[in-house]
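Read through the structure below, which is laid out as C-alpha cells, and then see the notes.
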Amino acid sequence: MHAPKTAAKNANAPLLEVSNLSTEFATYAGTLSAVDGVSLSLQPGEVFGIVGESGSGKSVTALSIMGLIKKPGRVTGGTVRFKDEANLLDKTPAEMRKIRGGQISMIFQEPMTSLNPVFRIGWQIAEVLQIHREMTRTEAWERAIHLLDRVGIASPAKRAREFPHQLSGGMRQRVMIAMAMACAPSLLFADEPTTALDVTVQAQILDLMVQLKEEDGAAVMLITHDMGVIAEMAQKVAVMYAGVVMEEATVEELFDSPLHPYTQGLLDSIPRKKSRGQSLKAIPGIVPNLLHLPTGCRFRDRCAAAHSACALADPPLQTMPNSTRKVRCWLHHPEPPK
C-alpha cells in the first residue's frame, strides 16, 4: 500500500541538496567567509544558474561542493547530499575522486590552465575513461576520438594527437566539455564556460551544452556573471553577493519581477536596443571586502533603496508568501528591525 508513495517521493527527490554550506579562507589579515550559509537544491535534468559579480562566491560554492577547496581554505559547515550518497563533505579524498569525473564533472573557466600542456588532448580524455570506466588503453583512445567528434571538432583523430597550445580557445573549451561529459555524469558544473570566447563561438558552445545535456539527461549548475546566458539556458537561478544568496527564483520570475535591489541592478546593467546611445547603467561601488563587511545588509552601501533597518541587522533569506521564490531584503520582510 505504501510502495507507490515511496516511489513518488524518490522520483521527486533532489539530485543535489546543499544546506548551510560555509567556506572560509585564512589570510594574514584574518579569516574571511567566502561562502556563508548557502542552501541550494537541484532537480534531475535541471539547469540551475548562479549569477553575481566577481568575488560573490559563485565558484567557491561549486568547488566546495566538489571537495576541491585547497588550503588555506576549508569548508567549515553544512551538508551536501548527492543522489543517495551521505554528506559529501564527510567523504575522504579517495572517495570523492571516485565520484568526481564519473558522476559529477566540471567545466572550468579557462581551459588553457585546466588542460595539461605536456599531454596530447586525446590521452587526457582517455585517462578519465580508464579511471572511471576501466576501459583498456585502446578502448579509451577510440572513445576519446568519438567524444571529440561528438563535440564538433573536425578531424578528431588528428586533433586527438595535438597538444592544448595547438588548439584555438573555442576548440579547447570543446575538449573540456568532451572530458567532462566522457562518463555521462548526472551532474555537470559549468563555471563561466564561455567567458574567454567571442560571441559566435560562445553561442556554439552554449548550443552544444544544451544538446549534450538533453542527450545524456544531466543536470547542470551554470555559474556565470552573464544574465543573457542565464535567460537562454537556466530554469532556476540564485543571485549571490558577498558569499550569500540574495534572491532565488525561476528565470521567468527573476526577469519579470526582480525583488532584490541587487538583482534589479544586475538586470538594469544589461544593454538594450531601446537604450542605444545612452550610458549603460551600473551599480555604484564594488563588492565589499569580505574581511570588512558593512554592518547589517551586505549590499546597503551600494543600494539606492537602503533605509534605517538595513544598518541594524543582516536580513534572512525568506521564502515569499504563496511562492517558492526567496529574497534576502528588509523591503520584503514582514518584520524589519526597528
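Naming works like this for the C-alpha cells: A, B, ... for the chains as they're shown, residue 1 at the start of each chain, ligands 1 onward in shown order.
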
Item to check | alpha helix (DSSP H) call set, DSSP backbone run, range 94-150 of chain A, as a PyMOL selection string | outcome: chain A and resi 94-99+111-114+121-132+137-150

I need the residues from that last selection saved to file as a JSON list (two decimals), in the first residue's frame (with N, CA and C atoms), if you can.
```
[["chain", "number", "residue", "atom", "x", "y", "z"],
["A", 94, "ALA", "N", 39.90, 10.12, -1.33],
["A", 94, "ALA", "CA", 39.84, 8.97, -2.24],
["A", 94, "ALA", "C", 38.40, 8.67, -2.65],
["A", 95, "GLU", "N", 37.46, 8.77, -1.72],
["A", 95, "GLU", "CA", 36.05, 8.54, -2.04],
["A", 95, "GLU", "C", 35.53, 9.62, -2.99],
["A", 96, "MET", "N", 35.93, 10.86, -2.81],
["A", 96, "MET", "CA", 35.48, 11.94, -3.69],
["A", 96, "MET", "C", 36.06, 11.79, -5.09],
["A", 97, "ARG", "N", 37.28, 11.28, -5.21],
["A", 97, "ARG", "CA", 37.87, 11.09, -6.54],
["A", 97, "ARG", "C", 37.08, 10.08, -7.36],
["A", 98, "LYS", "N", 36.44, 9.11, -6.69],
["A", 98, "LYS", "CA", 35.61, 8.14, -7.41],
["A", 98, "LYS", "C", 34.33, 8.78, -7.93],
["A", 99, "ILE", "N", 33.82, 9.78, -7.20],
["A", 99, "ILE", "CA", 32.59, 10.46, -7.60],
["A", 99, "ILE", "C", 32.87, 11.52, -8.67],
["A", 111, "PRO", "N", 40.21, 26.88, -20.05],
["A", 111, "PRO", "CA", 40.70, 25.55, -20.41],
["A", 111, "PRO", "C", 42.22, 25.48, -20.55],
["A", 112, "MET", "N", 42.88, 26.58, -20.89],
["A", 112, "MET", "CA", 44.33, 26.53, -21.08],
["A", 112, "MET", "C", 45.04, 26.23, -19.77],
["A", 113, "THR", "N", 44.47, 26.66, -18.65],
["A", 113, "THR", "CA", 45.09, 26.36, -17.35],
["A", 113, "THR", "C", 44.55, 25.05, -16.76],
["A", 114, "SER", "N", 43.50, 24.50, -17.34],
["A", 114, "SER", "CA", 42.92, 23.26, -16.82],
["A", 114, "SER", "C", 43.45, 22.03, -17.56],
["A", 121, "ILE", "N", 45.75, 15.88, -26.14],
["A", 121, "ILE", "CA", 44.40, 16.02, -25.60],
["A", 121, "ILE", "C", 43.64, 14.70, -25.62],
["A", 122, "GLY", "N", 43.92, 13.85, -26.60],
["A", 122, "GLY", "CA", 43.23, 12.57, -26.66],
["A", 122, "GLY", "C", 43.50, 11.72, -25.43],
["A", 123, "TRP", "N", 44.75, 11.73, -24.96],
["A", 123, "TRP", "CA", 45.10, 10.93, -23.78],
["A", 123, "TRP", "C", 44.53, 11.55, -22.51],
["A", 124, "GLN", "N", 44.36, 12.88, -22.50],
["A", 124, "GLN", "CA", 43.78, 13.50, -21.31],
["A", 124, "GLN", "C", 42.31, 13.09, -21.15],
["A", 125, "ILE", "N", 41.61, 12.92, -22.28],
["A", 125, "ILE", "CA", 40.24, 12.43, -22.21],
["A", 125, "ILE", "C", 40.22, 10.94, -21.91],
["A", 126, "ALA", "N", 41.13, 10.20, -22.54],
["A", 126, "ALA", "CA", 41.17, 8.74, -22.35],
["A", 126, "ALA", "C", 41.46, 8.38, -20.90],
["A", 127, "GLU", "N", 42.27, 9.19, -20.22],
["A", 127, "GLU", "CA", 42.60, 8.90, -18.83],
["A", 127, "GLU", "C", 41.36, 8.85, -17.95],
["A", 128, "VAL", "N", 40.41, 9.77, -18.20],
["A", 128, "VAL", "CA", 39.16, 9.79, -17.44],
["A", 128, "VAL", "C", 38.42, 8.47, -17.61],
["A", 129, "LEU", "N", 38.38, 7.97, -18.84],
["A", 129, "LEU", "CA", 37.66, 6.73, -19.14],
["A", 129, "LEU", "C", 38.36, 5.52, -18.54],
["A", 130, "GLN", "N", 39.68, 5.52, -18.54],
["A", 130, "GLN", "CA", 40.42, 4.41, -17.95],
["A", 130, "GLN", "C", 40.21, 4.34, -16.43],
["A", 131, "ILE", "N", 40.13, 5.51, -15.79],
["A", 131, "ILE", "CA", 39.97, 5.55, -14.34],
["A", 131, "ILE", "C", 38.56, 5.18, -13.91],
["A", 132, "HIS", "N", 37.56, 5.82, -14.57],
["A", 132, "HIS", "CA", 36.18, 5.69, -14.09],
["A", 132, "HIS", "C", 35.38, 4.61, -14.82],
["A", 137, "ARG", "N", 43.46, 0.76, -22.75],
["A", 137, "ARG", "CA", 44.08, 1.93, -23.37],
["A", 137, "ARG", "C", 43.53, 2.15, -24.79],
["A", 138, "THR", "N", 43.37, 1.06, -25.54],
["A", 138, "THR", "CA", 42.85, 1.18, -26.91],
["A", 138, "THR", "C", 41.40, 1.62, -26.91],
["A", 139, "GLU", "N", 40.58, 1.01, -26.06],
["A", 139, "GLU", "CA", 39.16, 1.37, -25.98],
["A", 139, "GLU", "C", 39.00, 2.84, -25.59],
["A", 140, "ALA", "N", 39.79, 3.29, -24.62],
["A", 140, "ALA", "CA", 39.68, 4.67, -24.15],
["A", 140, "ALA", "C", 40.10, 5.65, -25.24],
["A", 141, "TRP", "N", 41.13, 5.30, -25.99],
["A", 141, "TRP", "CA", 41.59, 6.19, -27.08],
["A", 141, "TRP", "C", 40.51, 6.31, -28.16],
["A", 142, "GLU", "N", 39.91, 5.20, -28.55],
["A", 142, "GLU", "CA", 38.86, 5.23, -29.57],
["A", 142, "GLU", "C", 37.64, 6.02, -29.08],
["A", 143, "ARG", "N", 37.31, 5.85, -27.80],
["A", 143, "ARG", "CA", 36.19, 6.58, -27.23],
["A", 143, "ARG", "C", 36.50, 8.08, -27.16],
["A", 144, "ALA", "N", 37.76, 8.44, -26.88],
["A", 144, "ALA", "CA", 38.15, 9.85, -26.84],
["A", 144, "ALA", "C", 37.96, 10.50, -28.21],
["A", 145, "ILE", "N", 38.34, 9.79, -29.26],
["A", 145, "ILE", "CA", 38.16, 10.32, -30.62],
["A", 145, "ILE", "C", 36.68, 10.51, -30.91],
["A", 146, "HIS", "N", 35.86, 9.54, -30.50],
["A", 146, "HIS", "CA", 34.41, 9.66, -30.69],
["A", 146, "HIS", "C", 33.85, 10.88, -29.95],
["A", 147, "LEU", "N", 34.34, 11.12, -28.74],
["A", 147, "LEU", "CA", 33.86, 12.27, -27.95],
["A", 147, "LEU", "C", 34.26, 13.59, -28.60],
["A", 148, "LEU", "N", 35.47, 13.65, -29.16],
["A", 148, "LEU", "CA", 35.89, 14.87, -29.86],
["A", 148, "LEU", "C", 35.01, 15.12, -31.07],
["A", 149, "ASP", "N", 34.65, 14.06, -31.76],
["A", 149, "ASP", "CA", 33.74, 14.20, -32.90],
["A", 149, "ASP", "C", 32.36, 14.64, -32.43],
["A", 150, "ARG", "N", 31.93, 14.13, -31.28],
["A", 150, "ARG", "CA", 30.61, 14.46, -30.74],
["A", 150, "ARG", "C", 30.49, 15.94, -30.37]]
```

Item to check | Within 7 Å of range 166-181 of chain A using only C-alpha atoms, minus same-chain residues under 3 positions, as a VMD selection string | outcome: chain A and resid 101 105 to 107 111 125 147 to 148 151 153 162 to 163 184 to 185 197 201

Expected file: the selected residues, C-alpha atoms, as a PDB file, in the first residue's frame:
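Output contents, as saved in again.pdb:
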```pdb
ATOM      1  CA  GLY A 101      34.669  12.685 -13.144  1.00  0.00           C
ATOM      2  CA  SER A 105      32.053  16.713 -13.592  1.00  0.00           C
ATOM      3  CA  MET A 106      33.125  20.322 -14.014  1.00  0.00           C
ATOM      4  CA  ILE A 107      33.949  22.599 -16.928  1.00  0.00           C
ATOM      5  CA  PRO A 111      40.704  25.555 -20.409  1.00  0.00           C
ATOM      6  CA  ILE A 125      40.236  12.433 -22.213  1.00  0.00           C
ATOM      7  CA  LEU A 147      33.864  12.265 -27.953  1.00  0.00           C
ATOM      8  CA  LEU A 148      35.891  14.870 -29.859  1.00  0.00           C
ATOM      9  CA  VAL A 151      31.518  17.958 -29.539  1.00  0.00           C
ATOM     10  CA  ILE A 153      35.796  19.083 -33.527  1.00  0.00           C
ATOM     11  CA  GLU A 162      47.705  17.532 -30.697  1.00  0.00           C
ATOM     12  CA  PHE A 163      48.647  19.489 -27.595  1.00  0.00           C
ATOM     13  CA  ALA A 184      27.891  10.692 -18.836  1.00  0.00           C
ATOM     14  CA  PRO A 185      27.767  12.318 -15.372  1.00  0.00           C
ATOM     15  CA  LEU A 197      35.250  33.201 -26.193  1.00  0.00           C
ATOM     16  CA  VAL A 201      31.858  30.651 -30.542  1.00  0.00           C
TER      17      VAL A 201
END
```

Item to check | Between CA of Gly296 in chain A and CA of Leu331 in chain A, distance in Å (one decimal) | outcome: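 A separation of 13.4 Å between them.
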
Checklist entry - Would you give me, as a VMD selection string, the residues in range 137-283 of chain A that DSSP reads as strand (DSSP E)? => result chain A and resid 187 to 191 219 to 224 236 to 241 244 to 250

Can I get the selected residues back with C-alpha atoms, as a compact mmCIF listing (two decimals), in the first residue's frame?
```txt
# COMPACT_ATOMS: atom_id res chain seq x y z
CA LEU A 187 25.63 16.49 -12.58
CA LEU A 188 27.75 18.98 -14.51
CA PHE A 189 29.21 22.20 -13.09
CA ALA A 190 29.90 24.79 -15.78
CA ASP A 191 31.99 27.63 -14.34
CA ALA A 219 21.59 18.37 -14.57
CA VAL A 220 23.74 21.50 -14.92
CA MET A 221 24.79 24.09 -12.37
CA LEU A 222 25.72 27.07 -14.55
CA ILE A 223 27.96 29.68 -12.92
CA THR A 224 28.20 33.00 -14.74
CA LYS A 236 16.03 28.45 -11.87
CA VAL A 237 18.58 30.97 -10.70
CA ALA A 238 20.23 32.09 -7.46
CA VAL A 239 21.76 35.56 -7.21
CA MET A 240 24.85 35.64 -4.97
CA TYR A 241 26.55 38.63 -3.36
CA VAL A 244 25.35 34.71 0.41
CA VAL A 245 22.28 34.12 -1.76
CA MET A 246 20.34 37.38 -2.18
CA GLU A 247 17.48 36.03 -4.28
CA GLU A 248 16.33 32.70 -5.70
CA ALA A 249 13.55 32.30 -8.27
CA THR A 250 12.60 30.80 -11.59
```

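Interatomic distance, CA of Arg272 in chain A against CA of Gly228 in chain A: 11.2 Å.
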
Checklist entry - How far is it from CA of Phe299 in chain A to CA of Pro261 in chain A, in Å with one decimal? => result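 Separation of CA of Phe299 in chain A and CA of Pro261 in chain A: 8.8 Å.
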
Item to check | Close residues, Ala231 in chain A itself excluded, 10 Å, only C-alpha atoms, min 4 positions apart in chain, as a count of residues only | outcome: 10

Next on the checklist: So that I can check the surroundings of Gly73 in chain A, please list as a ChimeraX atom specification every protein, DNA and RNA residue that reaches within 9 Å of it, counting only C-alpha atoms and ignoring chain neighbours fewer than 4 positions away.
Outcome noted: /A:23-26,69

Could you dump the residues just selected with N, CA and C atoms as an mmCIF file, in the first residue's frame?
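File written: selection-v5.cif
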```
data_model
loop_
_atom_site.group_PDB
_atom_site.id
_atom_site.type_symbol
_atom_site.label_atom_id
_atom_site.label_comp_id
_atom_site.auth_asym_id
_atom_site.auth_seq_id
_atom_site.Cartn_x
_atom_site.Cartn_y
_atom_site.Cartn_z
ATOM 1 N N THR A 23 32.278 28.217 3.760
ATOM 2 C CA THR A 23 33.691 28.009 3.437
ATOM 3 C C THR A 23 34.482 29.245 3.840
ATOM 4 N N GLU A 24 35.595 29.029 4.517
ATOM 5 C CA GLU A 24 36.429 30.132 4.999
ATOM 6 C C GLU A 24 37.836 30.021 4.433
ATOM 7 N N PHE A 25 38.508 31.176 4.358
ATOM 8 C CA PHE A 25 39.910 31.232 3.956
ATOM 9 C C PHE A 25 40.691 31.999 5.013
ATOM 10 N N ALA A 26 41.767 31.397 5.470
ATOM 11 C CA ALA A 26 42.621 32.056 6.452
ATOM 12 C C ALA A 26 43.640 32.924 5.720
ATOM 13 N N ILE A 69 38.375 22.507 -2.506
ATOM 14 C CA ILE A 69 38.934 23.659 -1.797
ATOM 15 C C ILE A 69 40.306 23.278 -1.228
#
```

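Compared by their closest atoms to Leu290 in chain A, and using only C-alpha atoms, the residues A:Ala234, A:Leu42, A:Leu317, A:Ala242 rank with A:Ala242 nearest.
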
Checklist entry - Of the candidates A:Gly37, A:Glu335, A:Thr27, A:Ala311, which shows the shortest atom-to-atom distance to Lys71 in chain A, using only C-alpha atoms? => result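 Comparing A:Gly37, A:Glu335, A:Thr27, A:Ala311 against Lys71 in chain A, the winner is A:Thr27.
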